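Quick notes on the structure that follows.
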Number of protein chains: 2
Amino acid sequence: MATNAPTRVKKLFNKVEDIVPESLAGLAAAHPDIVTIDAANNVVLRAGGPTPGKVGLISGGGSGHEPLHGGFVGFGMLDAAAAGNVFTSPVPDQMEAATRAVDGGAGVLHIVKNYTGDVLNFQMAAELVAGEIEVASVVTNDDVAVQDSLYTAGRRGVGVTVLVEKIAGAAAEAGKSLADVTATAVKVNGQGRSMGLALSSCIVPAAGTPTFELGDDEVEVGIGIHGEPGRRREKLASVDEMAEWLVSPIVSDLGLGRGDTVLAFVNGMGGTPLIELYVAFNSVARILGGQGIAIGRSLVGNYITSLEMAGFSVTLLKLDEELIRLWDAPVHTAALRWGA
Amino acid sequence: MATNAPTRVKKLFNKVEDIVPESLAGLAAAHPDIVTIDAANNVVLRAGGPTPGKVGLISGGGSGHEPLHGGFVGFGMLDAAAAGNVFTSPVPDQMEAATRAVDGGAGVLHIVKNYTGDVLNFQMAAELVAGEIEVASVVTNDDVAVQDSLYTAGRRGVGVTVLVEKIAGAAAEAGKSLADVTATAVKVNGQGRSMGLALSSCIVPAAGTPTFELGDDEVEVGIGIHGEPGRRREKLASVDEMAEWLVSPIVSDLGLGRGDTVLAFVNGMGGTPLIELYVAFNSVARILGGQGIAIGRSLVGNYITSLEMAGFSVTLLKLDEELIRLWDAPVHTAALRWGA
């Protein structure tokens, strides 16, 4: 029996080609009050259909980064998410189906992580509905680690995407226009930066072997969410030192200083225990505190992952009263929920 | 430099002995509105102190199972959690400090996972406050995998502990008496059962090597949350088969059948990506559906973990209207939050 063969990668699945659809089916089975699935297109849709007069928000991308994006579909956040295969962009038809499904007459915002395939395919989807649905687009590109990379021209879109989805989602829920929601999304992307590091690689199920090799005492600093190479390899160090490697470039890039208030987001790559993520948050808080930068809001956990990769990323978003109000607004999704 | 030595285990920490206190400090730094830390005792306390007239709920145990228990301190759930070293019971002084800190005059309930050390140390803590604070205790023992084990006489307390903390927490928040809150906790433990399996081991930081060895094609069925041996070793199989190995003994032990409604909880052990946990949930939902057992509520994610162990556990709780109402009641903790 194939599933018992010793070469089968040690993961939870039936057939490797069914991982994405069965995972989406599981999401809907667990949260029928929040989402439904367009199984023909592997699109996660908000239960209850589009809200008339509300700007529709969609995102999407390769799978393997859960809860991003399907776990963020629901009240106060996304209206739909298109799921590609693991680490593979969805095709334009999927984004088109998502766009059509969420249109409530007020236009649709595409939230796109800056990877070449995602950007092209979302553009094509927008062209496919041109003249029928007004589409705006924001491309997140918050990763300060590298300028270009394996899958990207310009900076990669990583952790800030979660914050854009939450905050723009709140603006859309409040009845803002497509132009206003887009402006809010652009603002969050502009005021947020991220950088990550990996302690281990990850295994794409269909590949069956680790995406890259890393020595027992090595850390990939500036890692991408698909295991793309970062800035440099370093020897493993204390978490205080490693947090400094991530926080310093972000603080410098954003020009943060004494008196600023940030949302501090320590994200797990999937395989690092929560006890360690809070140790890392403690380091980040100490570093920011030492520079007179206040933490106004925070988020700690696995929100944009790379399968079971061990490691963490830091995202800092410069806050103001508007962003705090939108961050605090009620949200009800599978992975992020409060006030509802 | 010691932290750069190649033998250092590849985890996020400064000094191994500071992992627990620094993780607790990180929890408080991230969620100052929810918790404070009694750093002298490694106890997580609800911010704002005890609520006069409310039954105080405390739990605790070895660390390494995060977010259990500190992530469940807050409105509608626990008032305090005592954190031992990784996979090591807290000492009685810690439970005593927690008990004294949360006493609001209506008594204190100890929620104790059934491990010999935890049970003894919570008992001693209760004796230390005898005559001063009324203490009741509920011991969770929901794991159907094994009768006795390495650290346990009788069944182990695992996933149902999360549900007891939520549901008894809601009862306490509603102003119920110590006797009533205790009865609710006992009821949840009695109507809930669990079983888990591991695809990989985990590394206790102070040990630096895997807790146990598992072949590339092997699964430990009935694993304990400290890596204690389970019922048997099996060859890796499809997730449908593996879910069946866990669901069948639970359904049988609870005597579930057509017409019953359950809370279905698919818990990650820490190192399994969320995409796979939802695939597993899909299998569980299919199995239950085939037997006419309805899923009334669900929970999917890493809630009671074994560091970075790969694998999952299933907990089923037989629901009635009272339990649904208490489950749905508002909760505001670091790891579980809704309606608040």
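Naming scheme: A, B, ... for chains in displayed order of the structure tokens; residues 1 onward per chain; ligands 1 onward as shown.
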Who sits within 8 Å of Phe212 of chain B, only C-alpha atoms, same chain under 2 positions skipped, as an MDAnalysis selection string: chainID B and resid 201:202 210 214 227
N, CA and C atoms of the current selection, written as an mmCIF file, in the first residue's frame:
data_model
loop_
_atom_site.group_PDB
_atom_site.id
_atom_site.type_symbol
_atom_site.label_atom_id
_atom_site.label_comp_id
_atom_site.auth_asym_id
_atom_site.auth_seq_id
_atom_site.Cartn_x
_atom_site.Cartn_y
_atom_site.Cartn_z
ATOM 1 N N SER B 201 9.592 12.908 17.916
ATOM 2 C CA SER B 201 9.840 13.153 19.321
ATOM 3 C C SER B 201 9.980 14.652 19.545
ATOM 4 N N CYS B 202 10.448 15.041 20.719
ATOM 5 C CA CYS B 202 10.738 16.444 21.012
ATOM 6 C C CYS B 202 11.985 16.493 21.885
ATOM 7 N N PRO B 210 16.650 14.091 21.772
ATOM 8 C CA PRO B 210 15.244 13.695 21.693
ATOM 9 C C PRO B 210 14.819 12.794 22.854
ATOM 10 N N LEU B 214 12.125 7.342 17.119
ATOM 11 C CA LEU B 214 11.014 6.838 16.323
ATOM 12 C C LEU B 214 11.540 6.677 14.900
ATOM 13 N N GLY B 227 6.003 12.615 25.937
ATOM 14 C CA GLY B 227 6.687 11.603 25.158
ATOM 15 C C GLY B 227 6.642 10.219 25.799
#
Residue neighbourhood Glu173 of chain B, 12 Å, only C-alpha atoms, exclusion window fewer than 4 positions, as a ChimeraX atom specification: /B:50-57,74-79,106,165-169,177-178,180-181,326,329-332
Interface list for chain B, partner chain A, 7 Å threshold, only C-alpha atoms, as an NGL selection string: :B and (3-4 or 6 or 10 or 12-14 or 19 or 22-23 or 25-27 or 29-30 or 64 or 66-67 or 199 or 217 or 235-240 or 270-276 or 278-282 or 285 or 298 or 307-308 or 337-340)
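Atom CA of Ile225 of chain A is positioned 16.2 Å from atom CA of Pro90 of chain A.
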Spatial neighbours of Ala81 of chain A, max dist 6 Å, only C-alpha atoms, sep filter under 3 positions, as a ChimeraX atom specification: /A:43-44,58-60,69-70
All helix (DSSP H, G or I) residues (DSSP, backbone) inside segment 82-320 of chain B, as number ranges by chain: B: 92-102, 116-128, 160-173, 178-191, 239-254, 274-290
Atomic separation - atom CA of Ile293 of chain A relative to atom CA of Gly259 of chain A, Å: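 Distance reported for this atom pair: 5.8 Å.
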DSSP strand (DSSP E or B) residues within segment 79-328 of chain A, as an NGL selection string: :A and (80-86 or 108-113 or 135-140 or 143 or 149 or 152 or 192-198 or 203 or 210 or 218-221 or 232-235 or 261-268 or 270 or 294-301 or 309 or 311-318)
From A:Gly208, A:Pro249, A:Gly104, A:Gly175, residue lying nearest Val221 of chain A [only C-alpha atoms]: A:Pro249
Interatomic distance, atom CA of Trp327 of chain B to atom CA of Ala80 of chain B (Å, one decimal): 19.4 Å
Long-range neighbours of Val139 of chain B as a ChimeraX atom specification, 7 Å cut-off, only C-alpha atoms, 6 positions minimum in chain: /B:111-114
Surrounding residues of Val135 of chain A excluding itself and chain neighbours under 6 positions, 6 Å, only C-alpha atoms, as a VMD selection string: chain A and resid 107 to 109
Expected file: the selected residues, N, CA and C atoms, as a CSV table (one decimal), in the first residue's frame:
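Just written: again_2.csv:
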chain,number,residue,atom,x,y,z
A,107,GLY,N,-16.8,47.4,-5.1
A,107,GLY,CA,-15.4,47.1,-5.5
A,107,GLY,C,-14.7,46.1,-4.6
A,108,VAL,N,-13.6,45.7,-5.1
A,108,VAL,CA,-12.8,44.6,-4.5
A,108,VAL,C,-11.3,45.0,-4.4
A,109,LEU,N,-10.8,44.8,-3.2
A,109,LEU,CA,-9.3,45.0,-3.0
A,109,LEU,C,-8.6,43.7,-3.0
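For segment 250-254 of chain A, the set of protein, DNA and RNA residues having any atom at most 10 Å away, when counting only C-alpha atoms and skipping those fewer than 6 positions along the same chain, is A:Asp142, A:Asp143, A:Val144, A:Ala145, A:Gly190, A:Gln191, A:Gly192, A:Arg193, A:Ser194, A:Met195, A:Glu244, A:Leu288, A:Gln291, A:Ile293, A:Val314, A:Thr315, A:Leu316, A:Leu317, A:Lys318.
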Just to be explicit: take each residue in the selection above, keep N, CA and C atoms, and write the result as a short mmCIF file (atom, residue, chain, number, x, y, z; two decimals), in the first residue's frame.
data_model
loop_
_atom_site.label_atom_id
_atom_site.label_comp_id
_atom_site.auth_asym_id
_atom_site.auth_seq_id
_atom_site.Cartn_x
_atom_site.Cartn_y
_atom_site.Cartn_z
N ASP A 142 7.21 44.00 2.80
CA ASP A 142 7.73 44.49 4.07
C ASP A 142 9.04 43.86 4.52
N ASP A 143 9.53 42.86 3.82
CA ASP A 143 10.69 42.10 4.30
C ASP A 143 11.97 42.88 4.01
N VAL A 144 12.63 43.34 5.06
CA VAL A 144 13.83 44.16 4.88
C VAL A 144 15.08 43.33 4.59
N ALA A 145 14.94 42.00 4.62
CA ALA A 145 16.14 41.15 4.56
C ALA A 145 16.88 41.28 3.22
N GLY A 190 3.24 50.52 4.29
CA GLY A 190 4.32 51.51 4.32
C GLY A 190 4.93 51.70 5.69
N GLN A 191 4.13 51.46 6.75
CA GLN A 191 4.61 51.69 8.11
C GLN A 191 5.02 50.39 8.80
N GLY A 192 5.03 49.28 8.05
CA GLY A 192 5.38 48.00 8.65
C GLY A 192 6.57 47.37 7.96
N ARG A 193 7.43 46.75 8.75
CA ARG A 193 8.58 46.03 8.18
C ARG A 193 8.81 44.74 8.96
N SER A 194 9.44 43.78 8.30
CA SER A 194 9.63 42.46 8.89
C SER A 194 11.00 41.89 8.55
N MET A 195 11.43 40.95 9.36
CA MET A 195 12.58 40.12 9.02
C MET A 195 12.51 38.84 9.84
N GLU A 244 18.10 40.74 18.05
CA GLU A 244 18.77 41.99 17.64
C GLU A 244 19.03 41.98 16.13
N LEU A 288 13.38 46.93 22.21
CA LEU A 288 12.60 48.13 21.89
C LEU A 288 12.55 49.07 23.09
N GLN A 291 15.36 51.34 23.53
CA GLN A 291 15.44 52.45 22.57
C GLN A 291 14.28 53.43 22.74
N ILE A 293 11.15 52.84 22.43
CA ILE A 293 10.03 52.56 21.52
C ILE A 293 8.98 51.76 22.30
N VAL A 314 10.07 38.84 13.02
CA VAL A 314 9.59 40.01 13.75
C VAL A 314 8.99 40.97 12.74
N THR A 315 7.80 41.48 13.03
CA THR A 315 7.19 42.55 12.25
C THR A 315 6.89 43.70 13.20
N LEU A 316 7.31 44.88 12.82
CA LEU A 316 6.95 46.07 13.60
C LEU A 316 6.11 46.98 12.71
N LEU A 317 5.01 47.45 13.25
CA LEU A 317 4.14 48.39 12.55
C LEU A 317 4.04 49.65 13.38
N LYS A 318 4.43 50.77 12.79
CA LYS A 318 4.32 52.05 13.51
C LYS A 318 2.86 52.42 13.65
#
